[in-house]
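Working notes, structure below.
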Amino acid sequence: ASGAYDYVLTLSAGLQALAFALLVCDSKSQAAEGLSEKTLWAFFIAHVARLSTTFWGEGYVPEDNTGDVYLYQTLEVLGVMLLAFKILGVTTVRTIHDVGQGLERWSVLLGMGVVAAILAFFTKSTGHNDYFADLSWMFSVWLEAFALIPQVRLLAAAGGQLDESVVHFAGATFAASLAFGAFWWKAAVERYQEFMREGYHGFLFGITAAAAIRMMLCGAYVYLFVRSSKQFQGPRTTKGEYELCAQDMADMEDEL
């Protein structure tokens, strides 16, 4: 970061933390219908990978006044904590009620991680002046860009109810991606000659492409949500697996 527009980078982290908070606070059921656990895990891994470098490295972090109080890192830590809480809650409920266990595969997350690592190898910069720290940071950018792939695939393939909080999450994530992409695009325009002279053309491509992919996946999710939402298609006559889970939980509460 350069200092002039670093508040945009902090804004991006704040919007992403807000997106995770919406998942935690705005879900209409503990089972979180239509929410992909693999998407949550992808965001969690990406944030942890990034934090492992930004807490001690001086690259890729805001250099304005907020940097003195570690606001950017604090927002990232908050995001990790919210994700961990949501993953634990959703996994526990779905495991207890045996719902949603066969809808997603870990191989998708593994594939995303492998592709992100390969792309990071070819597009990393030297912001930290440490090979593994720079690789880890760029890996987090690419994995975060791909994180919504399981969510989009799940919504495209699965039926039943959809938790509207997930579309709020996608909207806030889109805003965070827009801020992130705008910051790095501005940096690319202002320092284009310097980046080209020092051989960072791969980094410029990677950072802008990752932000674009992230925004496109957010848009795809919102489009699929609108198309699949009950208010646009009319009421359904059958209950999905998550709905049955919600009914079972309500019955248990009545018995207690």
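Within each chain, counting starts at residue 1; across the structure tokens, chains are named A, B, ... in the order shown, with ligands numbered 1 upward in that order.
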
Inset, instruction - Name all residues at most 10 Å from segment 70-85 of chain A (count only C-alpha atoms; drop same-chain ones fewer than 4 positions away) and give them as a ChimeraX atom specification. - result: /A:6-7,9-25,40-41,43-48,50-51,54-55,61-63,65-66,89-90

Inset, instruction - Step one, run DSSP on the backbone; step two, keep only residues of segment 18-241 of chain A assigned to helix (DSSP H, G or I); then write them as a ChimeraX atom specification. - result: /A:18-25,37-54,65-69,71-97,106-123,131-146,149-157,165-190,192-197,201-228,230-233,241

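In this structure, atom CA of Ala182 of chain A sits 26.7 Å away from atom CA of Val226 of chain A.
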
Inset, instruction - Using only C-alpha atoms, find the one residue out of A:Pro150, A:Ala133, A:Ala4, A:Ser36 that sits nearest to Thr91 of chain A. - result: A:Ser36

Legend entry - Which of A:Leu224, A:Leu109, A:Ala120, A:Leu178 sits closest to Val166 of chain A [using only C-alpha atoms]: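 Closest residue, counting only C-alpha atoms: A:Leu224.
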
Legend entry - A:Val189, A:Cys218, A:Phe132, A:His201 ranked by distance to Thr173 of chain A, top pick (using only C-alpha atoms):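 Distance minimum relative to Thr173 of chain A lands on A:Cys218.
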
Legend entry - Pick from A:Thr39, A:Gln193, A:Gly206, A:Gly59 nearest to Gly127 of chain A, counting only C-alpha atoms: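 That would be A:Gly59, the residue with the smallest distance to Gly127 of chain A.
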
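The space separating atom CA of Thr126 of chain A from atom CA of Ala42 of chain A comes to 24.0 Å.
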
Legend entry - Nearest residue to Arg153 of chain A from the set A:Arg105, A:Lys186, A:His168, A:Lys124 (distances using only C-alpha atoms): A:Arg105

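Counting only C-alpha atoms, the residue from A:Ala220, A:Val93, A:Ala175, A:Ala49 that sits nearest to Trp142 of chain A is A:Ala49.
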